[in-house]
Amino acid sequence: MKSYTTFKRQLLKDRPIKEAYKKLGPEFELIQLIIEKRLEQGLTQAALARKLGTKQSAISRLERGGYNPSLTFLRRLAKALDTELRVSLS
């Protein structure tokens, strides 16, 4: 399996994808962090979903950017990934 970083680097070689990525920077940064934490812990989407009490399809939608999670969901996600949720505005 390719690492997320390798896959991302390959995708960003495509100009239209790179431009879309720049426009959606914060969303992609959050998604990247979630995927990286999940993979670091050796969790599949299904395993993470079980820890959250949700379905694998919900994790898939989240990681594809097709789901706008609530702050409550992000708190639960952070707990399931044994991480700390920090939100900031700058």
# chains A, B, ... in the order shown; residues from 1 in each chain; ligands from 1
$ residues_around --residues "A:Phe28" --least-positions-apart "5" --cutoff "10 Å" --atoms "only C-alpha atoms" --output "list in words"
Tyr21, Lys22, Lys23, Leu33, Ile34, Glu63, Arg64 and Gly65 of chain A
$ write_last_selection --atoms "C-alpha atoms" --output "compact mmCIF listing (two decimals), in the first residue's frame"
# COMPACT_ATOMS: atom_id res chain seq x y z
CA TYR A 21 -6.32 21.51 -3.28
CA LYS A 22 -5.09 25.04 -2.61
CA LYS A 23 -8.67 26.37 -2.54
CA LEU A 33 -4.33 14.68 9.72
CA ILE A 34 -7.22 12.29 10.29
CA GLU A 63 -11.85 11.16 4.39
CA ARG A 64 -13.06 11.96 0.87
CA GLY A 65 -14.25 15.39 1.96
$ select_by_dssp --residues "chain A" --states "helix (DSSP H, G or I)" --output "ChimeraX atom specification"
/A:4-11,15-23,25-40,45-52,56-64,71-80
$ atom_distance --atom1 "atom CA of A:Arg61" --atom2 "atom CA of A:Glu40"
19.7 Å
